[in-house]
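Enquirer: Before anything else, here's the structure in question.
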Amino acid sequence: MTAGRRPIRAGQRRLTHCAPPRATRQKLTDWRREAPIRPVVFEDAGVLSDDTVHLHLEQRVAQRLLSRFRSQGFIHHDLSRAALAQVHDSIPRVVLLGRLSLYGSRAERLHEELVPVAARWVEPDRRDGALSVYARDAEAKSLELLDVSLAGGATRQPSETVARQLLGAAPRDVAELLPQLESRAEALAADAIRKLRDRGVHESRDLRETLERQRARVAEELARHQHELPQLTLDFDIDERRQLEADMRSWQRRLEQFDRELETEPQRIADFYEVRATRVEPVGLVYLWPDTN
């Protein structure tokens, strides 16, 4: 993805991280006008240079893009538009992309993934029933064609007649594919729920073991000082003795805190990964039209 150059209007922000750093004595207006905007990439280019800006998922721009995707709710009536690509294939295909979201307590988002289903597209008036999704191999072929079309860029587009025909069939296609998308998402959700629960058990156990080790060290240190207190303080002045007694009181309070945390924190971690709600929604419809038609 490459950011094009365009003038900056009043009140408009520019992504400063996409441009070279401003020189010490360079005016801000001159830097904005003269600095070329660098390409933005999401995959490691394999070299360390200033030619591109490598964005990671926690980068602010990436998070803003992801937040817009996450916050936008979709139902099948919202898919009034569809993507259309011409591919090197002899079969017209349709791909419905869904989003599976799993939520925990207080609507905490625990898991997200895209769920695709692909089918051979047939004209509505020639169908004997609903569109039937492909098996895994044919679906993988459809997704491969989609990836190739996205990566290579479309040099040709189907005719306006074909585009209008596909767009007119889109609501019916979504309605026919949606139940099969939901069935696929249910299986993926069950697997994700199991993995989340296992993660919760693992992290809860690790936390308990960590708290117990820390508690044992504090208890050992406190017991040693209580046992050796008369000998340790023979040469101490009043301030040093008070400091040691304050440390011992602090260790005692920490032991009590460990007891409370052992009762609540491991279970809290396990509960955090418990899925309370599941949501499946269509987010995209793509037609792959043969270049032979």
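Residue numbering restarts at 1 for every chain of the structure tokens, chains are lettered A, B, ... in their displayed order, and ligands are numbered from 1 as they appear.
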List as number ranges by chain the protein and nucleic acid residues near stretch 208-222 of chain A, meaning an atom at most 7 Å away when only C-alpha atoms are counted, but skip any in the same chain fewer than 6 places from it.

Expert: A: 248, 251, 255, 258, 262, 266

Enquirer: Can you tell me, as a ChimeraX atom specification, what residues are no more than 12 Å from A:Arg127 when counting only C-alpha atoms, ignoring any on the same chain fewer than 6 positions away?

Expert: /A:120-121,169,172-173,176

Enquirer: From a DSSP calculation on the backbone, collect every residue of stretch 51-248 of chain A in helix (DSSP H, G or I) and output the set as a PDB file with C-alpha atoms, in the first residue's frame.

Expert:
```pdb
ATOM      1  CA  ARG A  60      -1.512   3.533  15.729  1.00  0.00           C
ATOM      2  CA  VAL A  61      -2.499   3.561  12.059  1.00  0.00           C
ATOM      3  CA  ALA A  62      -2.989  -0.211  12.029  1.00  0.00           C
ATOM      4  CA  GLN A  63      -5.036  -0.015  15.229  1.00  0.00           C
ATOM      5  CA  ARG A  64      -7.241   2.709  13.765  1.00  0.00           C
ATOM      6  CA  LEU A  65      -7.917   0.586  10.696  1.00  0.00           C
ATOM      7  CA  LEU A  66      -8.640  -2.473  12.815  1.00  0.00           C
ATOM      8  CA  SER A  67     -10.905  -0.515  15.165  1.00  0.00           C
ATOM      9  CA  ARG A  68     -13.030   0.684  12.253  1.00  0.00           C
ATOM     10  CA  PHE A  69     -13.374  -2.889  11.043  1.00  0.00           C
ATOM     11  CA  ARG A  70     -14.245  -4.126  14.533  1.00  0.00           C
ATOM     12  CA  SER A  71     -16.730  -1.392  15.355  1.00  0.00           C
ATOM     13  CA  HIS A  76     -26.645  -9.525   5.431  1.00  0.00           C
ATOM     14  CA  HIS A  77     -28.848  -6.569   4.391  1.00  0.00           C
ATOM     15  CA  ASP A  78     -25.814  -4.283   4.676  1.00  0.00           C
ATOM     16  CA  SER A 105     -17.047 -11.158  30.486  1.00  0.00           C
ATOM     17  CA  ARG A 106     -17.972  -7.478  30.065  1.00  0.00           C
ATOM     18  CA  ALA A 107     -17.913  -7.886  26.281  1.00  0.00           C
ATOM     19  CA  PRO A 124     -30.506 -17.573 -10.108  1.00  0.00           C
ATOM     20  CA  ASP A 125     -33.053 -18.669 -12.736  1.00  0.00           C
ATOM     21  CA  ARG A 126     -30.997 -21.806 -13.458  1.00  0.00           C
ATOM     22  CA  ARG A 136     -12.003 -27.899   1.249  1.00  0.00           C
ATOM     23  CA  ASP A 137      -9.913 -28.461  -1.895  1.00  0.00           C
ATOM     24  CA  ALA A 138     -12.173 -26.462  -4.206  1.00  0.00           C
ATOM     25  CA  GLU A 139     -12.525 -23.766  -1.561  1.00  0.00           C
ATOM     26  CA  ALA A 140      -8.733 -23.535  -1.245  1.00  0.00           C
ATOM     27  CA  LYS A 141      -8.537 -23.100  -5.012  1.00  0.00           C
ATOM     28  CA  SER A 142     -11.087 -20.276  -4.859  1.00  0.00           C
ATOM     29  CA  LEU A 143      -9.195 -18.488  -2.100  1.00  0.00           C
ATOM     30  CA  GLU A 144      -5.950 -18.906  -4.020  1.00  0.00           C
ATOM     31  CA  LEU A 145      -7.555 -17.242  -7.044  1.00  0.00           C
ATOM     32  CA  LEU A 146      -8.773 -14.451  -4.790  1.00  0.00           C
ATOM     33  CA  ASP A 147      -5.281 -13.910  -3.363  1.00  0.00           C
ATOM     34  CA  VAL A 148      -3.750 -13.831  -6.837  1.00  0.00           C
ATOM     35  CA  SER A 149      -6.300 -11.295  -8.051  1.00  0.00           C
ATOM     36  CA  LEU A 150      -5.687  -9.052  -5.037  1.00  0.00           C
ATOM     37  CA  ALA A 151      -1.904  -9.282  -5.268  1.00  0.00           C
ATOM     38  CA  GLY A 152      -1.596  -8.828  -9.015  1.00  0.00           C
ATOM     39  CA  GLU A 160     -21.148  -3.778 -17.061  1.00  0.00           C
ATOM     40  CA  THR A 161     -23.840  -6.307 -17.958  1.00  0.00           C
ATOM     41  CA  VAL A 162     -22.106  -9.021 -15.938  1.00  0.00           C
ATOM     42  CA  ALA A 163     -21.513  -6.625 -13.047  1.00  0.00           C
ATOM     43  CA  ARG A 164     -25.211  -5.641 -12.907  1.00  0.00           C
ATOM     44  CA  GLN A 165     -26.258  -9.295 -13.103  1.00  0.00           C
ATOM     45  CA  LEU A 166     -24.008 -10.285 -10.199  1.00  0.00           C
ATOM     46  CA  LEU A 167     -24.967  -7.312  -8.071  1.00  0.00           C
ATOM     47  CA  GLY A 168     -28.634  -8.098  -8.614  1.00  0.00           C
ATOM     48  CA  ALA A 169     -28.057 -11.659  -7.424  1.00  0.00           C
ATOM     49  CA  ALA A 170     -25.969 -10.622  -4.391  1.00  0.00           C
ATOM     50  CA  PRO A 171     -28.794 -10.470  -1.787  1.00  0.00           C
ATOM     51  CA  ARG A 172     -29.992 -13.951  -2.745  1.00  0.00           C
ATOM     52  CA  ASP A 173     -26.439 -15.314  -2.833  1.00  0.00           C
ATOM     53  CA  VAL A 174     -25.752 -14.006   0.668  1.00  0.00           C
ATOM     54  CA  ALA A 175     -29.026 -15.444   1.965  1.00  0.00           C
ATOM     55  CA  GLU A 176     -28.197 -18.877   0.515  1.00  0.00           C
ATOM     56  CA  LEU A 177     -24.588 -18.962   1.675  1.00  0.00           C
ATOM     57  CA  LEU A 178     -25.122 -17.442   5.123  1.00  0.00           C
ATOM     58  CA  PRO A 179     -26.482 -20.603   6.839  1.00  0.00           C
ATOM     59  CA  GLN A 180     -23.501 -22.565   5.538  1.00  0.00           C
ATOM     60  CA  LEU A 181     -21.158 -19.821   6.713  1.00  0.00           C
ATOM     61  CA  GLU A 182     -22.720 -19.990  10.188  1.00  0.00           C
ATOM     62  CA  SER A 183     -22.328 -23.771  10.245  1.00  0.00           C
ATOM     63  CA  ARG A 184     -18.647 -23.442   9.342  1.00  0.00           C
ATOM     64  CA  ALA A 185     -18.201 -20.727  11.963  1.00  0.00           C
ATOM     65  CA  GLU A 186     -19.786 -22.924  14.671  1.00  0.00           C
ATOM     66  CA  ALA A 187     -17.119 -25.570  14.149  1.00  0.00           C
ATOM     67  CA  LEU A 188     -14.348 -22.976  14.243  1.00  0.00           C
ATOM     68  CA  ALA A 189     -15.877 -21.377  17.331  1.00  0.00           C
ATOM     69  CA  ALA A 190     -15.937 -24.700  19.176  1.00  0.00           C
ATOM     70  CA  ASP A 191     -12.238 -25.190  18.469  1.00  0.00           C
ATOM     71  CA  ALA A 192     -11.397 -21.614  19.493  1.00  0.00           C
ATOM     72  CA  ILE A 193     -13.414 -21.936  22.723  1.00  0.00           C
ATOM     73  CA  ARG A 194     -11.520 -25.107  23.616  1.00  0.00           C
ATOM     74  CA  LYS A 195      -8.163 -23.421  22.991  1.00  0.00           C
ATOM     75  CA  LEU A 196      -9.170 -20.355  25.014  1.00  0.00           C
ATOM     76  CA  ARG A 197     -10.272 -22.527  27.914  1.00  0.00           C
ATOM     77  CA  ASP A 198      -6.988 -24.450  27.774  1.00  0.00           C
ATOM     78  CA  ARG A 199      -5.084 -21.185  27.758  1.00  0.00           C
ATOM     79  CA  GLY A 200      -7.027 -20.002  30.789  1.00  0.00           C
ATOM     80  CA  VAL A 201      -6.226 -23.201  32.687  1.00  0.00           C
ATOM     81  CA  HIS A 202      -2.546 -22.948  31.733  1.00  0.00           C
ATOM     82  CA  GLU A 203      -2.195 -19.282  32.724  1.00  0.00           C
ATOM     83  CA  SER A 204      -4.166 -19.834  35.929  1.00  0.00           C
ATOM     84  CA  ARG A 205      -1.851 -22.686  36.915  1.00  0.00           C
ATOM     85  CA  ASP A 206       1.253 -20.643  36.070  1.00  0.00           C
ATOM     86  CA  LEU A 207      -0.007 -17.715  38.132  1.00  0.00           C
ATOM     87  CA  ARG A 208      -0.753 -19.950  41.115  1.00  0.00           C
ATOM     88  CA  GLU A 209       2.720 -21.495  40.959  1.00  0.00           C
ATOM     89  CA  THR A 210       4.329 -18.045  40.704  1.00  0.00           C
ATOM     90  CA  LEU A 211       2.380 -16.708  43.685  1.00  0.00           C
ATOM     91  CA  GLU A 212       3.223 -19.780  45.757  1.00  0.00           C
ATOM     92  CA  ARG A 213       6.935 -19.464  44.973  1.00  0.00           C
ATOM     93  CA  GLN A 214       6.943 -15.790  45.877  1.00  0.00           C
ATOM     94  CA  ARG A 215       4.987 -16.459  49.054  1.00  0.00           C
ATOM     95  CA  ALA A 216       7.439 -19.169  50.103  1.00  0.00           C
ATOM     96  CA  ARG A 217      10.416 -16.828  49.620  1.00  0.00           C
ATOM     97  CA  VAL A 218       8.808 -14.042  51.648  1.00  0.00           C
ATOM     98  CA  ALA A 219       7.766 -16.470  54.397  1.00  0.00           C
ATOM     99  CA  GLU A 220      11.298 -17.881  54.546  1.00  0.00           C
ATOM    100  CA  GLU A 221      12.832 -14.415  54.764  1.00  0.00           C
ATOM    101  CA  LEU A 222      10.390 -13.343  57.470  1.00  0.00           C
ATOM    102  CA  ALA A 223      10.948 -16.505  59.521  1.00  0.00           C
ATOM    103  CA  ARG A 224      14.738 -16.107  59.304  1.00  0.00           C
ATOM    104  CA  HIS A 225      14.637 -12.516  60.534  1.00  0.00           C
ATOM    105  CA  GLN A 226      12.178 -13.361  63.323  1.00  0.00           C
ATOM    106  CA  HIS A 227      14.458 -16.153  64.509  1.00  0.00           C
ATOM    107  CA  GLU A 228      17.664 -14.121  64.293  1.00  0.00           C
ATOM    108  CA  LEU A 229      16.215 -10.756  65.325  1.00  0.00           C
ATOM    109  CA  PRO A 230      18.005 -10.518  68.728  1.00  0.00           C
ATOM    110  CA  GLN A 231      21.408 -11.281  67.215  1.00  0.00           C
ATOM    111  CA  LEU A 232      20.859  -9.170  64.090  1.00  0.00           C
ATOM    112  CA  ILE A 238      17.372   2.826  66.870  1.00  0.00           C
ATOM    113  CA  ASP A 239      16.729   3.907  63.257  1.00  0.00           C
ATOM    114  CA  GLU A 240      18.143   0.678  61.816  1.00  0.00           C
ATOM    115  CA  ARG A 241      16.074  -1.418  64.218  1.00  0.00           C
ATOM    116  CA  ARG A 242      12.926   0.492  63.293  1.00  0.00           C
ATOM    117  CA  GLN A 243      13.649  -0.007  59.608  1.00  0.00           C
ATOM    118  CA  LEU A 244      14.063  -3.764  60.079  1.00  0.00           C
ATOM    119  CA  GLU A 245      10.848  -4.000  62.079  1.00  0.00           C
ATOM    120  CA  ALA A 246       9.042  -2.015  59.358  1.00  0.00           C
ATOM    121  CA  ASP A 247      10.394  -4.441  56.738  1.00  0.00           C
ATOM    122  CA  MET A 248       9.131  -7.394  58.764  1.00  0.00           C
TER     123      MET A 248
END
```

Enquirer: So how far away is atom CA of A:Ser159 from atom CA of A:Asp89, in Å?

Expert: 16.6 Å

Enquirer: Identify, with DSSP run on backbone atoms, the residues in stretch 97-127 of chain A assigned to strand (DSSP E), and express the list as a list of chain:residue names.

Expert: A:Leu97, A:Gly98, A:Arg99, A:Leu100, A:Ser101, A:Leu102, A:Tyr103, A:Arg109, A:Leu110, A:His111, A:Glu112, A:Glu113, A:Leu114, A:Val115, A:Pro116, A:Val117, A:Ala118, A:Ala119, A:Arg120

Enquirer: Which residue, A:Gln157, A:Val94, A:Thr52, A:Glu113, has the smallest gap to A:Ser132 when you use only C-alpha atoms?

Expert: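 Smallest distance to A:Ser132 is found for A:Val94.
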
Enquirer: Restricting the calculation to only C-alpha atoms: of A:Leu110, A:Ala83, A:Val122, A:Val133, which residue gets closest to A:Arg276?

Expert: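 Smallest distance to A:Arg276 is found for A:Leu110.
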
Enquirer: Which residues, written as a ChimeraX atom specification, have at least one atom at most 7 Å from A:Val275, with only C-alpha atoms counted and residues fewer than 3 positions away on the same chain left out?

Expert: /A:102-104,193

Enquirer: Write out the residues from the selection above, keeping N, CA and C atoms, as an mmCIF file, in the first residue's frame.

Expert:
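Result went into result11.cif, see below:
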```
data_model
loop_
_atom_site.group_PDB
_atom_site.id
_atom_site.type_symbol
_atom_site.label_atom_id
_atom_site.label_comp_id
_atom_site.auth_asym_id
_atom_site.auth_seq_id
_atom_site.Cartn_x
_atom_site.Cartn_y
_atom_site.Cartn_z
ATOM 1 N N LEU A 102 -15.624 -13.858 19.346
ATOM 2 C CA LEU A 102 -15.938 -14.483 20.625
ATOM 3 C C LEU A 102 -15.698 -13.468 21.725
ATOM 4 N N TYR A 103 -16.653 -13.357 22.645
ATOM 5 C CA TYR A 103 -16.589 -12.351 23.703
ATOM 6 C C TYR A 103 -16.627 -13.025 25.068
ATOM 7 N N GLY A 104 -15.890 -12.433 25.993
ATOM 8 C CA GLY A 104 -15.886 -12.911 27.358
ATOM 9 C C GLY A 104 -16.701 -12.010 28.258
ATOM 10 N N ILE A 193 -12.996 -21.926 21.318
ATOM 11 C CA ILE A 193 -13.414 -21.936 22.723
ATOM 12 C C ILE A 193 -12.589 -22.929 23.516
#
```
